[in-house]
file input-v2.cif (mmCIF, C-alpha atoms and all ligand atoms)
data_my_file
loop_
_atom_site.label_atom_id
_atom_site.label_comp_id
_atom_site.auth_asym_id
_atom_site.auth_seq_id
_atom_site.Cartn_x
_atom_site.Cartn_y
_atom_site.Cartn_z
CA MET A 1 -139.04 -105.87 -96.33
CA ASP A 2 -136.80 -102.83 -96.08
CA ILE A 3 -138.85 -100.62 -98.40
CA ALA A 4 -136.47 -97.66 -98.13
CA ALA A 5 -133.53 -99.83 -99.23
CA LEU A 6 -135.53 -101.43 -102.04
CA ARG A 7 -136.45 -97.94 -103.27
CA ARG A 8 -132.84 -96.77 -103.11
CA ASP A 9 -131.96 -99.77 -105.31
CA THR A 10 -134.62 -98.70 -107.83
CA PRO A 11 -133.43 -95.57 -109.69
CA GLY A 12 -136.89 -94.72 -111.04
CA CYS A 13 -138.34 -94.27 -107.53
CA ALA A 14 -136.41 -90.97 -107.28
CA HIS A 15 -138.24 -89.52 -110.29
CA ARG A 16 -141.77 -90.85 -110.41
CA VAL A 17 -144.63 -92.31 -108.45
CA HIS A 18 -144.73 -95.45 -110.56
CA LEU A 19 -148.19 -97.04 -110.45
CA ASN A 20 -147.81 -98.75 -113.83
CA ASN A 21 -146.26 -102.05 -112.82
CA ALA A 22 -148.86 -103.94 -114.85
CA GLY A 23 -147.45 -102.09 -117.88
CA ALA A 24 -143.75 -102.24 -117.13
CA ALA A 25 -142.30 -102.22 -113.60
CA LEU A 26 -139.19 -100.26 -112.66
CA PRO A 27 -136.03 -102.38 -112.77
CA THR A 28 -133.49 -102.46 -109.96
CA ARG A 29 -130.04 -100.92 -110.34
CA ALA A 30 -128.63 -104.48 -110.43
CA THR A 31 -130.84 -105.46 -113.36
CA LEU A 32 -130.09 -102.23 -115.20
CA ASP A 33 -126.32 -102.74 -114.71
CA THR A 34 -126.60 -106.36 -115.87
CA VAL A 35 -128.24 -105.29 -119.14
CA THR A 36 -125.99 -102.31 -119.89
CA GLY A 37 -122.91 -104.25 -118.76
CA HIS A 38 -123.61 -106.98 -121.29
CA LEU A 39 -124.30 -104.50 -124.09
CA GLU A 40 -120.96 -102.87 -123.35
CA LEU A 41 -119.21 -106.24 -123.29
CA GLU A 42 -120.74 -107.11 -126.67
CA ALA A 43 -119.57 -103.80 -128.12
CA ARG A 44 -116.09 -104.25 -126.68
CA ILE A 45 -115.30 -107.88 -127.52
CA GLY A 46 -118.05 -109.01 -129.94
CA GLY A 47 -121.56 -110.43 -129.47
CA TYR A 48 -120.72 -114.13 -129.85
CA GLU A 49 -117.64 -113.74 -127.70
CA ALA A 50 -119.62 -111.91 -124.99
CA ALA A 51 -122.23 -114.71 -124.95
CA ALA A 52 -119.43 -117.28 -124.59
CA GLU A 53 -117.95 -115.34 -121.68
CA ARG A 54 -121.30 -115.22 -119.85
CA GLU A 55 -122.40 -118.71 -120.92
CA ALA A 56 -122.83 -120.08 -117.40
CA ASP A 57 -125.02 -117.13 -116.37
CA ILE A 58 -127.09 -117.38 -119.56
CA ARG A 59 -127.63 -121.11 -119.00
CA ALA A 60 -128.75 -120.43 -115.45
CA VAL A 61 -131.73 -118.28 -116.51
CA PRO A 62 -134.16 -121.11 -117.45
CA ALA A 63 -133.27 -122.81 -114.15
CA LEU A 64 -134.10 -119.61 -112.24
CA VAL A 65 -137.41 -119.34 -114.10
CA ALA A 66 -138.15 -123.00 -113.30
CA GLU A 67 -137.43 -122.34 -109.62
CA LEU A 68 -139.77 -119.35 -109.70
CA LEU A 69 -142.64 -121.44 -111.14
CA GLY A 70 -141.97 -124.75 -109.41
CA GLY A 71 -141.15 -126.42 -112.73
CA ARG A 72 -138.02 -128.03 -114.13
CA PRO A 73 -135.31 -126.21 -116.13
CA HIS A 74 -135.80 -128.22 -119.34
CA GLU A 75 -139.51 -127.30 -119.28
CA VAL A 76 -138.67 -123.60 -119.80
CA ALA A 77 -138.09 -121.70 -123.06
CA LEU A 78 -137.25 -118.02 -123.32
CA PHE A 79 -138.93 -115.62 -125.72
CA ASP A 80 -138.99 -111.94 -126.60
CA ASN A 81 -142.44 -111.40 -125.03
CA ALA A 82 -145.37 -113.27 -123.52
CA THR A 83 -147.38 -113.16 -126.75
CA HIS A 84 -144.81 -115.18 -128.73
CA ALA A 85 -144.43 -117.59 -125.79
CA TRP A 86 -148.20 -118.12 -125.53
CA GLN A 87 -148.66 -118.45 -129.29
CA ALA A 88 -145.81 -120.98 -129.53
CA ALA A 89 -147.69 -123.23 -127.13
CA PHE A 90 -151.17 -122.58 -128.48
CA HIS A 91 -150.39 -123.08 -132.17
CA ALA A 92 -148.56 -126.31 -131.32
CA LEU A 93 -151.80 -127.87 -130.14
CA PRO A 94 -153.45 -130.04 -132.81
CA LEU A 95 -157.05 -128.92 -133.51
CA ARG A 96 -159.69 -130.67 -135.62
CA PRO A 97 -163.10 -129.56 -136.88
CA GLY A 98 -165.59 -129.67 -134.00
CA ASP A 99 -162.93 -129.35 -131.31
CA ARG A 100 -163.73 -126.77 -128.65
CA ILE A 101 -161.53 -124.20 -127.00
CA LEU A 102 -162.95 -123.07 -123.65
CA THR A 103 -161.89 -119.67 -122.37
CA GLY A 104 -163.10 -116.97 -119.97
CA ARG A 105 -164.53 -113.49 -120.23
CA SER A 106 -161.32 -112.03 -118.86
CA GLU A 107 -159.13 -113.59 -121.56
CA TYR A 108 -156.41 -111.38 -123.04
CA GLY A 109 -157.30 -109.74 -126.37
CA SER A 110 -154.47 -111.27 -128.43
CA ASN A 111 -155.25 -114.76 -127.11
CA VAL A 112 -158.87 -114.33 -128.21
CA LEU A 113 -157.71 -113.29 -131.70
CA ALA A 114 -155.50 -116.38 -131.85
CA TYR A 115 -158.42 -118.63 -130.86
CA VAL A 116 -160.57 -117.16 -133.62
CA HIS A 117 -157.69 -117.39 -136.09
CA ALA A 118 -157.17 -121.09 -135.27
CA ALA A 119 -160.92 -121.73 -135.31
CA ARG A 120 -161.15 -120.28 -138.83
CA ARG A 121 -158.30 -122.44 -140.06
CA THR A 122 -159.27 -125.72 -138.39
CA GLY A 123 -163.03 -125.66 -137.88
CA ALA A 124 -162.64 -125.65 -134.10
CA GLU A 125 -165.04 -123.62 -131.98
CA VAL A 126 -164.42 -121.01 -129.27
CA VAL A 127 -166.69 -121.19 -126.22
CA VAL A 128 -166.66 -118.48 -123.55
CA VAL A 129 -167.31 -119.78 -120.03
CA PRO A 130 -169.49 -117.32 -118.08
CA ASP A 131 -168.46 -115.59 -114.86
CA ASP A 132 -169.90 -116.46 -111.44
CA GLU A 133 -171.54 -113.92 -109.13
CA HIS A 134 -168.11 -112.60 -108.07
CA GLY A 135 -167.10 -111.87 -111.66
CA GLN A 136 -164.49 -114.64 -111.80
CA LEU A 137 -164.58 -117.62 -114.15
CA ASP A 138 -167.49 -119.85 -113.11
CA THR A 139 -165.80 -123.17 -112.36
CA ALA A 140 -169.11 -125.04 -112.06
CA ALA A 141 -170.04 -123.84 -115.56
CA LEU A 142 -166.59 -124.90 -116.79
CA ALA A 143 -167.02 -128.39 -115.34
CA GLU A 144 -170.40 -128.64 -117.10
CA LEU A 145 -169.02 -127.45 -120.44
CA ILE A 146 -166.02 -129.79 -120.56
CA ASP A 147 -166.71 -132.83 -122.71
CA GLU A 148 -165.01 -135.03 -125.29
CA ARG A 149 -164.94 -132.13 -127.75
CA THR A 150 -162.82 -129.95 -125.46
CA ALA A 151 -159.29 -129.64 -126.86
CA LEU A 152 -158.07 -126.84 -124.60
CA VAL A 153 -158.92 -124.67 -121.63
CA GLY A 154 -157.15 -121.31 -121.99
CA VAL A 155 -157.47 -118.76 -119.20
CA SER A 156 -155.81 -115.52 -118.08
CA HIS A 157 -154.81 -115.81 -114.41
CA VAL A 158 -155.10 -112.04 -113.92
CA PRO A 159 -156.58 -109.99 -116.75
CA THR A 160 -154.73 -107.06 -118.24
CA SER A 161 -157.57 -104.69 -117.34
CA GLY A 162 -158.64 -105.44 -113.79
CA GLY A 163 -157.77 -106.67 -110.31
CA LEU A 164 -159.46 -110.05 -110.71
CA VAL A 165 -157.54 -113.21 -109.79
CA ASN A 166 -159.19 -116.20 -111.46
CA PRO A 167 -159.60 -119.44 -109.43
CA VAL A 168 -156.86 -121.23 -111.36
CA ALA A 169 -156.22 -124.08 -108.91
CA GLU A 170 -159.88 -125.08 -109.15
CA ILE A 171 -159.71 -124.79 -112.96
CA GLY A 172 -156.61 -127.02 -112.85
CA ARG A 173 -158.41 -129.64 -110.76
CA ILE A 174 -161.19 -129.72 -113.36
CA THR A 175 -158.89 -129.94 -116.39
CA ARG A 176 -156.72 -132.62 -114.79
CA ARG A 177 -159.74 -134.75 -113.93
CA ALA A 178 -160.94 -134.43 -117.54
CA GLY A 179 -157.45 -134.88 -119.05
CA VAL A 180 -157.81 -131.63 -121.01
CA PRO A 181 -154.74 -129.39 -121.62
CA PHE A 182 -154.78 -126.15 -119.60
CA LEU A 183 -152.91 -123.14 -121.02
CA LEU A 184 -152.50 -120.43 -118.40
CA ASP A 185 -151.66 -116.84 -119.33
CA ALA A 186 -149.84 -115.77 -116.17
CA THR A 187 -148.42 -112.57 -117.64
CA GLN A 188 -149.87 -110.33 -114.91
CA SER A 189 -149.43 -112.76 -112.01
CA VAL A 190 -145.84 -114.04 -112.31
CA GLY A 191 -143.71 -111.73 -110.17
CA GLN A 192 -146.73 -110.22 -108.44
CA PHE A 193 -147.47 -113.17 -106.12
CA PRO A 194 -146.58 -116.88 -105.93
CA VAL A 195 -147.46 -118.84 -109.07
CA ASP A 196 -146.81 -122.57 -108.71
CA VAL A 197 -147.44 -124.77 -111.73
CA ALA A 198 -147.75 -127.95 -109.65
CA GLY A 199 -150.28 -126.43 -107.27
CA ILE A 200 -152.28 -124.92 -110.14
CA GLY A 201 -152.15 -128.02 -112.31
CA CYS A 202 -151.75 -126.15 -115.60
CA ASP A 203 -149.91 -127.78 -118.50
CA MET A 204 -148.52 -124.68 -120.22
CA LEU A 205 -147.87 -121.20 -118.85
CA CYS A 206 -146.60 -117.97 -120.35
CA ALA A 207 -145.36 -114.77 -118.72
CA THR A 208 -143.50 -111.62 -119.62
CA GLY A 209 -140.35 -110.16 -118.10
CA ARG A 210 -141.19 -106.48 -117.93
CA LYS A 211 -144.36 -106.44 -115.83
CA PHE A 212 -144.46 -107.42 -112.13
CA LEU A 213 -141.28 -109.45 -112.56
CA ARG A 214 -139.32 -106.19 -113.06
CA GLY A 215 -137.23 -107.56 -115.94
CA PRO A 216 -136.25 -105.73 -119.12
CA ARG A 217 -138.68 -105.08 -121.95
CA GLY A 218 -138.58 -107.61 -124.79
CA THR A 219 -138.42 -110.72 -122.60
CA GLY A 220 -140.93 -113.52 -122.15
CA LEU A 221 -141.06 -117.10 -121.03
CA LEU A 222 -142.93 -120.32 -121.65
CA TRP A 223 -143.19 -123.30 -119.34
CA VAL A 224 -144.51 -126.60 -120.73
CA ARG A 225 -145.06 -129.64 -118.52
CA GLU A 226 -142.80 -132.46 -119.69
CA GLU A 227 -145.68 -134.88 -120.23
CA MET A 228 -147.34 -132.29 -122.48
CA LEU A 229 -144.38 -131.95 -124.86
CA GLU A 230 -145.24 -135.08 -126.83
CA ARG A 231 -148.81 -133.87 -127.41
CA LEU A 232 -147.61 -130.65 -129.05
CA GLU A 233 -146.18 -130.03 -132.51
CA PRO A 234 -144.17 -126.78 -132.56
CA HIS A 235 -144.99 -124.61 -135.58
CA VAL A 236 -141.49 -123.17 -135.94
CA SER A 237 -138.70 -125.58 -136.78
CA GLU A 238 -135.19 -124.24 -137.02
CA THR A 239 -131.74 -125.31 -135.95
CA ALA A 240 -132.19 -124.52 -132.27
CA SER A 241 -135.60 -126.20 -132.04
CA ALA A 242 -134.96 -129.24 -134.24
CA ARG A 243 -131.96 -131.38 -135.23
CA TRP A 244 -131.37 -132.28 -138.88
CA ASP A 245 -131.20 -136.03 -139.33
CA GLY A 246 -130.10 -136.10 -142.97
CA ASP A 247 -132.50 -137.98 -145.30
CA ARG A 248 -134.62 -139.04 -142.37
CA GLY A 249 -135.76 -135.51 -141.66
CA TYR A 250 -135.46 -133.94 -138.22
CA THR A 251 -136.04 -134.57 -134.54
CA TRP A 252 -137.32 -132.01 -132.07
CA ARG A 253 -134.76 -130.99 -129.49
CA SER A 254 -135.41 -132.28 -126.00
CA GLY A 255 -137.50 -130.19 -123.64
CA ALA A 256 -139.20 -126.85 -124.18
CA ARG A 257 -136.15 -125.63 -126.12
CA ARG A 258 -137.99 -126.96 -129.18
CA PHE A 259 -140.23 -123.87 -129.02
CA ALA A 260 -137.41 -121.33 -128.97
CA THR A 261 -135.31 -119.78 -131.72
CA TRP A 262 -131.54 -119.61 -131.94
CA GLU A 263 -131.07 -115.86 -131.71
CA MET A 264 -131.62 -114.14 -128.37
CA ASN A 265 -131.09 -110.72 -126.90
CA TYR A 266 -128.62 -111.94 -124.27
CA ALA A 267 -128.42 -108.59 -122.49
CA ALA A 268 -132.17 -108.87 -121.92
CA VAL A 269 -131.94 -112.57 -121.01
CA LEU A 270 -129.31 -111.79 -118.38
CA GLY A 271 -131.44 -108.90 -117.14
CA LEU A 272 -134.39 -111.27 -116.82
CA GLY A 273 -132.19 -113.61 -114.80
CA SER A 274 -131.24 -110.74 -112.50
CA ALA A 275 -134.90 -109.81 -111.97
CA VAL A 276 -135.95 -113.41 -111.27
CA ARG A 277 -133.07 -113.88 -108.84
CA GLN A 278 -134.10 -110.76 -106.95
CA ALA A 279 -137.73 -111.92 -106.76
CA LEU A 280 -136.57 -115.31 -105.44
CA ASP A 281 -134.30 -113.65 -102.87
CA LEU A 282 -137.12 -111.45 -101.57
CA GLY A 283 -139.58 -114.34 -101.69
CA LEU A 284 -142.78 -114.38 -103.70
CA PRO A 285 -145.04 -114.86 -100.64
CA VAL A 286 -143.65 -111.65 -99.10
CA ILE A 287 -143.81 -109.80 -102.45
CA GLY A 288 -147.37 -110.98 -103.00
CA ASP A 289 -148.59 -110.07 -99.52
CA ARG A 290 -147.39 -106.50 -99.89
CA ALA A 291 -148.39 -105.96 -103.53
CA VAL A 292 -151.91 -107.28 -102.96
CA ALA A 293 -152.25 -105.27 -99.72
CA LEU A 294 -151.23 -102.08 -101.55
CA GLY A 295 -153.82 -102.85 -104.23
CA ALA A 296 -156.52 -103.22 -101.57
CA ALA A 297 -155.36 -100.03 -99.80
CA LEU A 298 -155.49 -98.08 -103.05
CA ARG A 299 -158.96 -99.42 -103.87
CA GLU A 300 -160.14 -98.33 -100.43
CA ARG A 301 -158.71 -94.82 -100.87
CA ILE A 302 -160.27 -94.37 -104.31
CA ASP A 303 -163.68 -95.68 -103.23
CA ALA A 304 -163.59 -93.16 -100.36
CA VAL A 305 -163.34 -90.25 -102.85
CA PRO A 306 -166.80 -88.83 -103.67
CA GLY A 307 -167.23 -89.03 -107.45
CA ALA A 308 -164.57 -91.72 -107.93
CA ARG A 309 -164.96 -95.50 -107.85
CA THR A 310 -163.16 -98.74 -108.63
CA HIS A 311 -164.34 -101.48 -110.98
CA ASP A 312 -162.36 -104.61 -110.12
CA LEU A 313 -164.12 -107.97 -110.28
CA GLY A 314 -163.53 -111.19 -108.41
CA ARG A 315 -163.46 -112.65 -104.93
CA ASP A 316 -159.65 -112.56 -104.84
CA ARG A 317 -158.13 -109.32 -106.05
CA CYS A 318 -154.58 -108.26 -106.70
CA ALA A 319 -152.43 -105.14 -107.12
CA ILE A 320 -154.19 -104.01 -110.31
CA VAL A 321 -156.80 -101.33 -109.60
CA THR A 322 -159.17 -99.96 -112.23
CA ALA A 323 -161.00 -96.73 -111.53
CA SER A 324 -163.08 -93.94 -112.99
CA VAL A 325 -163.87 -90.36 -112.01
CA GLU A 326 -167.40 -89.24 -112.76
CA GLY A 327 -167.56 -86.97 -115.78
CA VAL A 328 -163.82 -87.15 -116.52
CA ALA A 329 -162.42 -89.24 -119.39
CA ALA A 330 -159.90 -91.90 -118.38
CA GLU A 331 -157.22 -90.28 -120.59
CA ALA A 332 -157.77 -86.93 -118.82
CA VAL A 333 -157.38 -88.60 -115.43
CA LYS A 334 -154.17 -90.23 -116.61
CA ALA A 335 -152.90 -86.86 -117.90
CA GLU A 336 -153.68 -85.13 -114.60
CA LEU A 337 -151.88 -87.88 -112.64
CA ALA A 338 -148.90 -87.53 -115.02
CA ARG A 339 -148.85 -83.78 -114.31
CA HIS A 340 -148.29 -84.75 -110.66
CA GLY A 341 -145.51 -87.19 -111.58
CA ILE A 342 -147.71 -90.26 -111.18
CA ASN A 343 -147.50 -92.99 -113.85
CA VAL A 344 -150.66 -94.93 -114.65
CA THR A 345 -152.22 -96.24 -117.81
CA VAL A 346 -155.66 -96.58 -119.37
CA THR A 347 -157.30 -99.91 -120.24
CA VAL A 348 -157.74 -100.65 -123.95
CA PRO A 349 -161.22 -102.03 -124.81
CA GLU A 350 -159.86 -104.33 -127.58
CA GLN A 351 -157.40 -105.95 -125.17
CA SER A 352 -160.29 -107.48 -123.23
CA GLN A 353 -163.04 -107.67 -125.85
CA PHE A 354 -165.33 -110.11 -123.97
CA ASP A 355 -165.22 -108.03 -120.78
CA THR A 356 -165.85 -104.90 -122.86
CA GLU A 357 -168.88 -106.52 -124.49
CA VAL A 358 -170.31 -107.66 -121.16
CA ARG A 359 -169.60 -104.67 -118.90
CA GLY A 360 -168.91 -101.82 -121.33
CA VAL A 361 -166.79 -100.00 -118.74
CA HIS A 362 -163.51 -99.61 -120.61
CA PRO A 363 -161.45 -97.47 -120.97
CA LEU A 364 -160.73 -97.19 -117.25
CA VAL A 365 -157.76 -95.73 -115.42
CA ARG A 366 -155.44 -98.58 -114.41
CA LEU A 367 -153.25 -98.06 -111.34
CA SER A 368 -150.92 -100.91 -110.47
CA PRO A 369 -148.65 -100.56 -107.42
CA HIS A 370 -145.92 -103.06 -106.61
CA TYR A 371 -144.20 -103.95 -103.34
CA TYR A 372 -141.71 -101.08 -103.65
CA ASN A 373 -144.46 -98.44 -103.68
CA THR A 374 -145.49 -96.68 -100.46
CA GLU A 375 -148.81 -95.84 -98.79
CA GLU A 376 -147.84 -92.18 -99.13
CA GLU A 377 -147.69 -92.61 -102.92
CA LEU A 378 -151.18 -94.12 -102.86
CA ASP A 379 -152.37 -91.08 -100.89
CA ARG A 380 -150.96 -88.78 -103.55
CA ALA A 381 -152.76 -90.62 -106.34
CA ALA A 382 -156.06 -90.57 -104.42
CA GLU A 383 -155.63 -86.82 -103.76
CA VAL A 384 -155.26 -86.11 -107.47
CA LEU A 385 -158.46 -88.07 -108.18
CA ALA A 386 -160.24 -86.17 -105.39
CA GLY A 387 -159.09 -82.88 -106.92
CA LEU A 388 -160.46 -83.89 -110.31
CA ALA A 389 -163.76 -85.10 -108.85
CA ARG A 390 -164.24 -81.76 -107.03
CA ARG A 391 -163.55 -79.65 -110.10
CA PRO A 392 -166.69 -78.22 -111.72
CA GLN A 393 -167.30 -80.14 -114.93
CA PRO A 394 -167.78 -78.25 -118.23
CA ARG A 395 -171.37 -78.50 -119.46
C1 LIG B 401 -149.42 -107.82 -121.24
C2 LIG B 401 -150.20 -109.08 -121.35
C3 LIG B 401 -149.91 -110.01 -122.35
C4 LIG B 401 -148.91 -109.75 -123.44
O1 LIG B 401 -147.60 -109.70 -122.97
P1 LIG B 401 -146.44 -109.19 -123.96
O2 LIG B 401 -145.19 -109.45 -123.22
O3 LIG B 401 -146.72 -107.75 -124.20
O4 LIG B 401 -146.55 -109.98 -125.20
C5 LIG B 401 -150.59 -111.22 -122.35
N1 LIG B 401 -151.52 -111.47 -121.43
C6 LIG B 401 -151.84 -110.60 -120.45
C7 LIG B 401 -152.90 -110.96 -119.46
C8 LIG B 401 -151.19 -109.36 -120.39
O5 LIG B 401 -151.51 -108.49 -119.44
#

call {"tool": "encode", "arguments": {"input": "input-v2.cif", "output": "structure tokens", "more": "lines below"}}
Ligand SMILES: *Cc1c(COP(=O)(O)O)cnc(C)c1O
result
Amino acid sequence: MDIAALRRDTPGCAHRVHLNNAGAALPTRATLDTVTGHLELEARIGGYEAAAEREADIRAVPALVAELLGGRPHEVALFDNATHAWQAAFHALPLRPGDRILTGRSEYGSNVLAYVHAARRTGAEVVVVPDDEHGQLDTAALAELIDERTALVGVSHVPTSGGLVNPVAEIGRITRRAGVPFLLDATQSVGQFPVDVAGIGCDMLCATGRKFLRGPRGTGLLWVREEMLERLEPHVSETASARWDGDRGYTWRSGARRFATWEMNYAAVLGLGSAVRQALDLGLPVIGDRAVALGAALRERIDAVPGARTHDLGRDRCAIVTASVEGVAAEAVKAELARHGINVTVTVPEQSQFDTEVRGVHPLVRLSPHYYNTEEELDRAAEVLAGLARRPQPR
């Protein structure tokens, strides 16, 4: 990778040390120009007319996403965020009283709320699979818990608030053997390292555009395995998802399109396509090797600072690093980093409620480098933490 060239192609690199790629990564100049170019075209010739002019490029986006995930184009639907994509799949799953939803401690906060919401409405039950000694989902416990009552296994590949990478391929082997649907929230993993739906063996997967994929805000995607489509009943029917058959009612459109709505932000869709194309051109194995290595390097630097430490769980860890400085609130650490031009964020306890209940460590400072960051930037972040840790604390 030519890091200097990649940074020159990323306007934000000139202004900030951006260690908030788990929040929203910096887009490339090409992606930025794609989005603004389409907005200008819409303003100049009209929105419908602009979409018609770029129709081939718009149609290519689901195919690019399919290539990224190892799926097929008709198994992909585009959304305005990962939450709507995930909920479209989840709420399409029929649930009966006594059914069980199995999830993990690292599950994303909104997914947990949706499980509880569905459980209240249907009489289904939510069961949290414990972690193993590494702090990842305990696959042996999952295998024990799966039985004829299990209607779904729903897991976050990488949580929003930590560097953990869950053992998803092993989870997929277990769900496939049991014939239980597996819904994978891959919002933090897609774009960060290779995510292959065939290798994982999941049945449904959601992701967002703006995080490690470097797409525009307000984009998301859903992949649904073809064989799974017939087991799902979308909860939104409209003219893009279903076809009116006169007196006879309606028929769902073919493929995952049945989950999408007619209206789209095409500037954002084209921007997502640009981001996915760039990730494919660079290669996810290369992207993943560097992103994960930078995460490990940052963890090492922070753990070497007296008074600072990291909190990431799991045997396999990624580019998300969570940290604390003794005696300094996470928000104050974030503010001090911002004063030095370094972007980070702070974990939100409600976004990972099970993890919060078990460990009680949140809020933590979350630093998330991506492949276009440099070791020198990691040094700068660690220096700011060292400065804070050395400062005499008010009594
Ligand atoms: C950010 C995040 C989401 C939600 O994505 P949106 O695009 O904001 O809806 C879901 N799951 C995980 C693990 C996340 O980190």

call {"tool": "atom_distance", "arguments": {"input": "input-v2.cif", "atom1": "atom CA of Pro159 of chain A", "atom2": "atom CA of Asp196 of chain A"}}
result
17.8 Å

call {"tool": "residues_near_point", "arguments": {"input": "input-v2.cif", "point": "(-168.6, -130.1, -114.4)", "cutoff": "12 Å", "atoms": "only C-alpha atoms", "output": "ChimeraX atom specification"}}
result
/A:129,138-147,170-171,173-175,177-178

call {"tool": "residues_near_ligand", "arguments": {"input": "input-v2.cif", "ligand": "ligand LIG 401 (chain B)", "cutoff": "10 Å", "atoms": "only C-alpha atoms and all ligand atoms", "output": "MDAnalysis selection string"}}
result
chainID A and resid 22:24 79:87 106:111 155:162 184:189 206:211 217:221 351:352

call {"tool": "atom_distance", "arguments": {"input": "input-v2.cif", "atom1": "atom CA of Ala275 of chain A", "atom2": "atom CA of Pro194 of chain A"}}
result
14.9 Å

call {"tool": "closest_residue", "arguments": {"input": "input-v2.cif", "among": "A:Arg176, A:Arg120, A:Arg359, A:Arg149", "to": "Asp99 of chain A", "atoms": "all atoms listed in the file"}}
result
A:Arg149

call {"tool": "closest_residue", "arguments": {"input": "input-v2.cif", "among": "A:Leu78, A:Ile302, A:Val65, A:Ala4", "to": "Thr261 of chain A", "atoms": "only C-alpha atoms"}}
result
A:Leu78

call {"tool": "residues_around", "arguments": {"input": "input-v2.cif", "residues": "Thr28 of chain A", "least_positions_apart": "4", "cutoff": "8 Å", "atoms": "only C-alpha atoms", "output": "list in words"}}
result
Asp9, Thr10, Pro11, Leu32, Arg214 and Ala275 of chain A

call {"tool": "atom_distance", "arguments": {"input": "input-v2.cif", "atom1": "atom CA of Leu378 of chain A", "atom2": "atom CA of Arg105 of chain A"}}
result
29.2 Å

call {"tool": "closest_residue", "arguments": {"input": "input-v2.cif", "among": "A:Gly98, A:Pro369, A:Pro363, A:Gly255", "to": "Ile320 of chain A", "atoms": "only C-alpha atoms"}}
result
A:Pro369

call {"tool": "residues_around", "arguments": {"input": "input-v2.cif", "residues": "Ala323 of chain A", "least_positions_apart": "3", "cutoff": "6 Å", "atoms": "only C-alpha atoms", "output": "PyMOL selection string"}}
result
chain A and resi 309-311+364-365

call {"tool": "write_last_selection", "arguments": {"input": "input-v2.cif", "atoms": "C-alpha atoms", "output": "compact mmCIF listing (two decimals), in the frame of the given file"}}
result
# COMPACT_ATOMS: atom_id res chain seq x y z
CA ARG A 309 -164.96 -95.50 -107.85
CA THR A 310 -163.16 -98.74 -108.63
CA HIS A 311 -164.34 -101.48 -110.98
CA LEU A 364 -160.73 -97.19 -117.25
CA VAL A 365 -157.76 -95.73 -115.42

call {"tool": "residues_around", "arguments": {"input": "input-v2.cif", "residues": "Val126 of chain A", "least_positions_apart": "4", "cutoff": "8 Å", "atoms": "only C-alpha atoms", "output": "short mmCIF file (atom, residue, chain, number, x, y, z; two decimals) with C-alpha atoms, keeping the file's coordinate frame"}}
result
data_model
loop_
_atom_site.label_atom_id
_atom_site.label_comp_id
_atom_site.auth_asym_id
_atom_site.auth_seq_id
_atom_site.Cartn_x
_atom_site.Cartn_y
_atom_site.Cartn_z
CA ARG A 100 -163.73 -126.77 -128.65
CA ILE A 101 -161.53 -124.20 -127.00
CA LEU A 102 -162.95 -123.07 -123.65
CA THR A 103 -161.89 -119.67 -122.37
CA TYR A 115 -158.42 -118.63 -130.86
CA VAL A 116 -160.57 -117.16 -133.62
CA ALA A 119 -160.92 -121.73 -135.31
#

call {"tool": "closest_residue", "arguments": {"input": "input-v2.cif", "among": "A:Gly70, A:Gly154, A:Leu164, A:Val292", "to": "Val127 of chain A", "atoms": "all atoms listed in the file"}}
result
A:Gly154

call {"tool": "residues_around", "arguments": {"input": "input-v2.cif", "residues": "segment 130-135 of chain A", "least_positions_apart": "6", "cutoff": "6 Å", "atoms": "all atoms listed in the file", "output": "PDB file with C-alpha atoms, in the coordinates of the input"}}
result
ATOM      1  CA  LEU A 313    -164.120-107.970-110.280  1.00  0.00           C
ATOM      2  CA  GLY A 314    -163.530-111.190-108.410  1.00  0.00           C
ATOM      3  CA  ARG A 315    -163.460-112.650-104.930  1.00  0.00           C
TER       4      ARG A 315
END

call {"tool": "closest_residue", "arguments": {"input": "input-v2.cif", "among": "A:Gln136, A:Asn373, A:Thr239, A:Thr322", "to": "Arg257 of chain A", "atoms": "all atoms listed in the file"}}
result
A:Thr239

call {"tool": "decode", "arguments": {"input": "input-v2.cif", "residues": "segment 209-213 of chain A", "atoms": "N, CA, C and O atoms", "output": "CSV table (one decimal), in the first residue's frame"}}
result
chain,number,residue,atom,x,y,z
A,209,GLY,N,-22.6,2.1,5.5
A,209,GLY,CA,-21.6,2.7,4.5
A,209,GLY,C,-20.5,3.5,5.2
A,209,GLY,O,-19.4,3.5,4.7
A,210,ARG,N,-20.9,4.2,6.2
A,210,ARG,CA,-20.0,5.3,6.7
A,210,ARG,C,-18.8,4.9,7.5
A,210,ARG,O,-17.9,5.7,7.8
A,211,LYS,N,-18.8,3.7,8.1
A,211,LYS,CA,-17.8,3.3,9.0
A,211,LYS,C,-16.6,2.8,8.2
A,211,LYS,O,-16.1,3.6,7.4
A,212,PHE,N,-16.0,1.6,8.5
A,212,PHE,CA,-14.8,1.3,7.9
A,212,PHE,C,-14.8,1.2,6.4
A,212,PHE,O,-13.8,1.1,5.7
A,213,LEU,N,-16.0,1.2,5.8
A,213,LEU,CA,-16.2,1.1,4.4
A,213,LEU,C,-15.9,2.4,3.7
A,213,LEU,O,-15.7,2.5,2.5
